[in-house]
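**Q** Have a look at the structure that comes next, please.
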Amino acid sequence: MTITAEIRQSPFRRVGHTMTGEATTNPQAALVQAGLNWEAEKVALRTADTFDVIPDHHAMRRSDNQHVMGIVGNDYRPYQNADLFQVFTDLAHARGDRVTPYKIETAGCFQKGKIVWALCKLPALGIVLGEDYIDSYLLVSNSHDGSKQVTITPTTIRVICQNSLRMAEAQARSERRKNKLSGGFTVKHTPGLKESVEEVKEIFNQAIRDRFATEDIFKCMVRIPLTVKLEKQFMHSVFGKDGDESERAKTIRLNRDARISEILASPTSQVKGTKDTAFSLLNAVTEFVEHDRTTRTSDGNEYEARLMSSLLGSGAMLKEKAWDKMMELAG
């Protein structure tokens with residue numbers, strides 16, 4: 001692979017811990033290195049005045065620092081961080097005798113442990129487009145506050161700009177979209193959860209097929225020249241028409257459009273094999289979402305807020321919309 005342009009820093013590395021040494025292939029070592037070697041405890045809730053137990057609800061608490069992460073119902077079953085990391089090993093062997101090599105790259109949590117995540121690279125499933133290179137990953141995530149299900153998300157990360165795009169799922173995409181983490185396989189926190197994870201492993205073969213479908217789609221996008229008309233149609237489809245704008249909305253739009261134009265002219269978009277194509281336009285928008293888009297934050301951690309949005313919030317919806325619209329325009 002020959003890439004001379006400066007590579008963007010990974011949003012995951014800004015927020016999480018980068019695995020080194022044994023932790024890249026040993027889930028238990030990764031758990032420790034990421035600072036996630038604690039358990040989520042389900043404890044009783046009591047009133048402050050009489051200490052009476054509050055029925056039907058429990059608090060989820062970290063075992064290491066007793067931080068309360070959320071309130072859940074009686075049926076909620078904790079899925080521990082150790083189990084989440086073990087999924088990598090299980091998935092690597094999910095194809096029977098054909099073991100899929102993996103490398104745990106980064107891991108961390110959002111909002112003091114409410115959401116835990118880990119990113120695993122599948123080196124054998126990279127995609128090459130000229131001098132552009134896209135790595136394939138599995139993003140495994142879970143919440144300890146009842147807000148999200150256990151999710152295994154096949155995704156791609158373009159090396160030069162470190163922006164992520166979901167893989168092209170062959171089936172049930174509309175159903176998976178409802179779970180708020182684009183393109184993932186989800187499992188509910190209910191009795192029988194571990195049995196459900198076993199079912200998810202069986203879906204892994206489908207995720208492998210999705211990787212090859214993704215490569216075909218990327219190659220199709222590379223064959224479509226980037227024109228002024230295509231760019232205008234795409235931007236309007238993703239971000240909406242201007243309409244009656246307030247001065248603030250107009251300023252935000254102009255700044256956004258200017259920044260995306262800068263990205264299209266920058267080294268991350270001028271890679272031999274993909275420059276000046278529909279593929280470069282799609283990636284310019286997703287690069288903007290993951291690296292430049294202004295995101296509200298309550299604790300001042302801009303990088304965490306932007307990554308959370310990119311995976312779980314409005315940023316994820318924008319990337320999903322960009323993917324769908326480019327598919328329509330490319331079709």
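As shown in the structure tokens, the chain order sets the letters A, B, ...; within each chain, residues go from 1, and ligands are also counted from 1 in the order they appear.
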Using only C-alpha atoms, which protein or nucleic acid residues come within 10 Å of Pro27 in chain A? Drop anything in the same chain fewer than 5 positions from it, and give the result as a VMD selection string.
**A** chain A and resid 22 32 to 33 82 to 89 103 to 104
**Q** Name the residues in contact with Pro11 in chain A at a cut-off of 8 Å, using only C-alpha atoms, excluding same-chain residues fewer than 4 positions from it; report them as a PyMOL selection string.
**A** chain A and resi 15+162+290-291+303+307
**Q** Could you save the residues just selected, with N, CA and C atoms, as a CSV table (one decimal), in the first residue's frame?
**A**
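And here's again.csv as it stands now:
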```csv
chain,number,residue,atom,x,y,z
A,15,VAL,N,-10.5,8.6,21.8
A,15,VAL,CA,-11.4,8.5,22.9
A,15,VAL,C,-11.0,7.2,23.8
A,162,GLN,N,-9.5,7.6,8.3
A,162,GLN,CA,-10.0,7.0,9.5
A,162,GLN,C,-11.5,7.2,9.7
A,290,GLU,N,-17.2,12.7,11.1
A,290,GLU,CA,-16.4,12.0,12.2
A,290,GLU,C,-15.3,12.9,12.7
A,291,HIS,N,-14.9,13.9,11.9
A,291,HIS,CA,-13.7,14.7,12.3
A,291,HIS,C,-14.0,16.2,12.5
A,303,TYR,N,-14.3,15.1,21.6
A,303,TYR,CA,-14.0,13.9,20.8
A,303,TYR,C,-15.0,12.8,21.1
A,307,LEU,N,-17.7,11.1,18.6
A,307,LEU,CA,-17.7,9.7,18.3
A,307,LEU,C,-19.0,9.0,18.6
```
**Q** Using only C-alpha atoms, find the one residue out of A:Val159, A:Ala322, A:Cys109, A:Leu329 that sits nearest to Gln9 in chain A.
**A** A:Val159
**Q** Determine, counting only C-alpha atoms, which protein, DNA and RNA residues have an atom within 9 Å of an atom of Glu105 in chain A; residues of the same chain fewer than 6 positions away are not included. Present the result as a list in words.
**A** Arg13, His17, Thr18, Met19, Thr20, Ala23, Thr24, Ala118, Leu119, Cys120 and Lys121 of chain A
**Q** How would the residues just chosen look if you wrote them out with N, CA and C atoms as a tab-separated table (two decimals), in the first residue's frame?
**A**
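Result saved to result-v4.tsv:
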```tsv
chain	number	residue	atom	x	y	z
A	13	ARG	N	-9.17	6.05	18.67
A	13	ARG	CA	-7.94	6.17	19.46
A	13	ARG	C	-7.93	7.44	20.30
A	17	HIS	N	-8.60	3.39	24.38
A	17	HIS	CA	-7.23	2.94	24.65
A	17	HIS	C	-6.75	2.09	23.47
A	18	THR	N	-5.54	2.36	23.00
A	18	THR	CA	-4.96	1.58	21.91
A	18	THR	C	-4.28	0.35	22.50
A	19	MET	N	-4.65	-0.82	22.00
A	19	MET	CA	-4.11	-2.06	22.52
A	19	MET	C	-2.68	-2.29	22.02
A	20	THR	N	-1.83	-2.83	22.89
A	20	THR	CA	-0.47	-3.15	22.53
A	20	THR	C	-0.13	-4.55	23.04
A	23	ALA	N	-2.38	-7.77	24.41
A	23	ALA	CA	-3.77	-7.32	24.44
A	23	ALA	C	-4.41	-7.28	23.05
A	24	THR	N	-3.64	-7.29	22.00
A	24	THR	CA	-4.21	-7.24	20.65
A	24	THR	C	-4.88	-8.56	20.26
A	118	ALA	N	-15.51	-2.04	21.90
A	118	ALA	CA	-14.19	-2.50	21.49
A	118	ALA	C	-14.19	-2.70	19.98
A	119	LEU	N	-13.08	-2.38	19.36
A	119	LEU	CA	-12.97	-2.43	17.91
A	119	LEU	C	-11.93	-3.47	17.52
A	120	CYS	N	-12.34	-4.42	16.69
A	120	CYS	CA	-11.50	-5.55	16.32
A	120	CYS	C	-11.28	-5.56	14.81
A	121	LYS	N	-10.01	-5.56	14.40
A	121	LYS	CA	-9.66	-5.57	12.99
A	121	LYS	C	-9.60	-7.00	12.45
```
**Q** Using only C-alpha atoms, which residues sit within 7 Å of Val289 in chain A once same-chain residues fewer than 4 positions away are excluded, as a list of chain:residue names?
**A**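 Result of the neighbour search: A:Val285, A:Arg293, A:Ser310, A:Gly315.
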**Q** Any chance you can output those residues with N, CA and C atoms as an mmCIF file, in the first residue's frame?
**A**
```cif
data_model
loop_
_atom_site.group_PDB
_atom_site.id
_atom_site.type_symbol
_atom_site.label_atom_id
_atom_site.label_comp_id
_atom_site.auth_asym_id
_atom_site.auth_seq_id
_atom_site.Cartn_x
_atom_site.Cartn_y
_atom_site.Cartn_z
ATOM 1 N N VAL A 285 -18.041 13.408 3.011
ATOM 2 C CA VAL A 285 -19.135 13.690 3.941
ATOM 3 C C VAL A 285 -18.948 12.930 5.246
ATOM 4 N N ARG A 293 -17.514 17.859 12.306
ATOM 5 C CA ARG A 293 -18.865 18.329 12.611
ATOM 6 C C ARG A 293 -18.977 18.770 14.076
ATOM 7 N N SER A 310 -21.475 9.872 16.043
ATOM 8 C CA SER A 310 -21.177 9.151 14.811
ATOM 9 C C SER A 310 -21.628 7.706 14.872
ATOM 10 N N GLY A 315 -25.071 11.911 14.059
ATOM 11 C CA GLY A 315 -24.001 11.644 13.100
ATOM 12 C C GLY A 315 -24.182 10.303 12.412
#
```
**Q** Grab the CA of Pro225 in chain A to CA of Ser10 in chain A distance for me, in Å with one decimal place.
**A**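 If I compute the distance from CA of Pro225 in chain A to CA of Ser10 in chain A, I get 28.0 Å.
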**Q** Which is closest to Ser141 in chain A among A:Leu129, A:Phe110, A:Leu264, A:Leu254, if we use only C-alpha atoms?
**A**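 Result for the nearest residue to Ser141 in chain A: A:Phe110.
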**Q** Set the distance at 8 Å and use only C-alpha atoms: which residues neighbour Glu287 in chain A once local chain neighbours fewer than 5 positions away are removed? I'd like the list as a count of residues only.
**A** 5
**Q** Report, in Å with one decimal, the straight-line distance from CA of Asp135 in chain A to CA of Phe212 in chain A.
**A**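 Between CA of Asp135 in chain A and CA of Phe212 in chain A the gap works out to 12.4 Å.
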**Q** With only C-alpha atoms as the counted atoms, please give the residues lying no more than 6 Å from range 62-70 of chain A, apart from itself and same-chain residues fewer than 3 positions off, as a PyMOL selection string.
**A** chain A and resi 38-40+59+114+145
**Q** Find the spatial neighbours of Phe234 in chain A, counting only C-alpha atoms, within a cut-off of 9 Å - ignore same-chain residues fewer than 2 positions away - and output them as a ChimeraX atom specification.
**A** /A:229-232,236-239,281-282,322,325-326,329
**Q** Enter the distance from CA of Gly273 in chain A to CA of Arg256 in chain A, in Å, rounded to one decimal.
**A**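 Answer for the CA of Gly273 in chain A to CA of Arg256 in chain A separation: 26.0 Å.
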**Q** Calculated over only C-alpha atoms, which of the candidates A:Lys272, A:Arg158, A:Ala284, A:Asp49 has the smallest distance to Ala258 in chain A?
**A**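 Smallest distance to Ala258 in chain A is found for A:Ala284.
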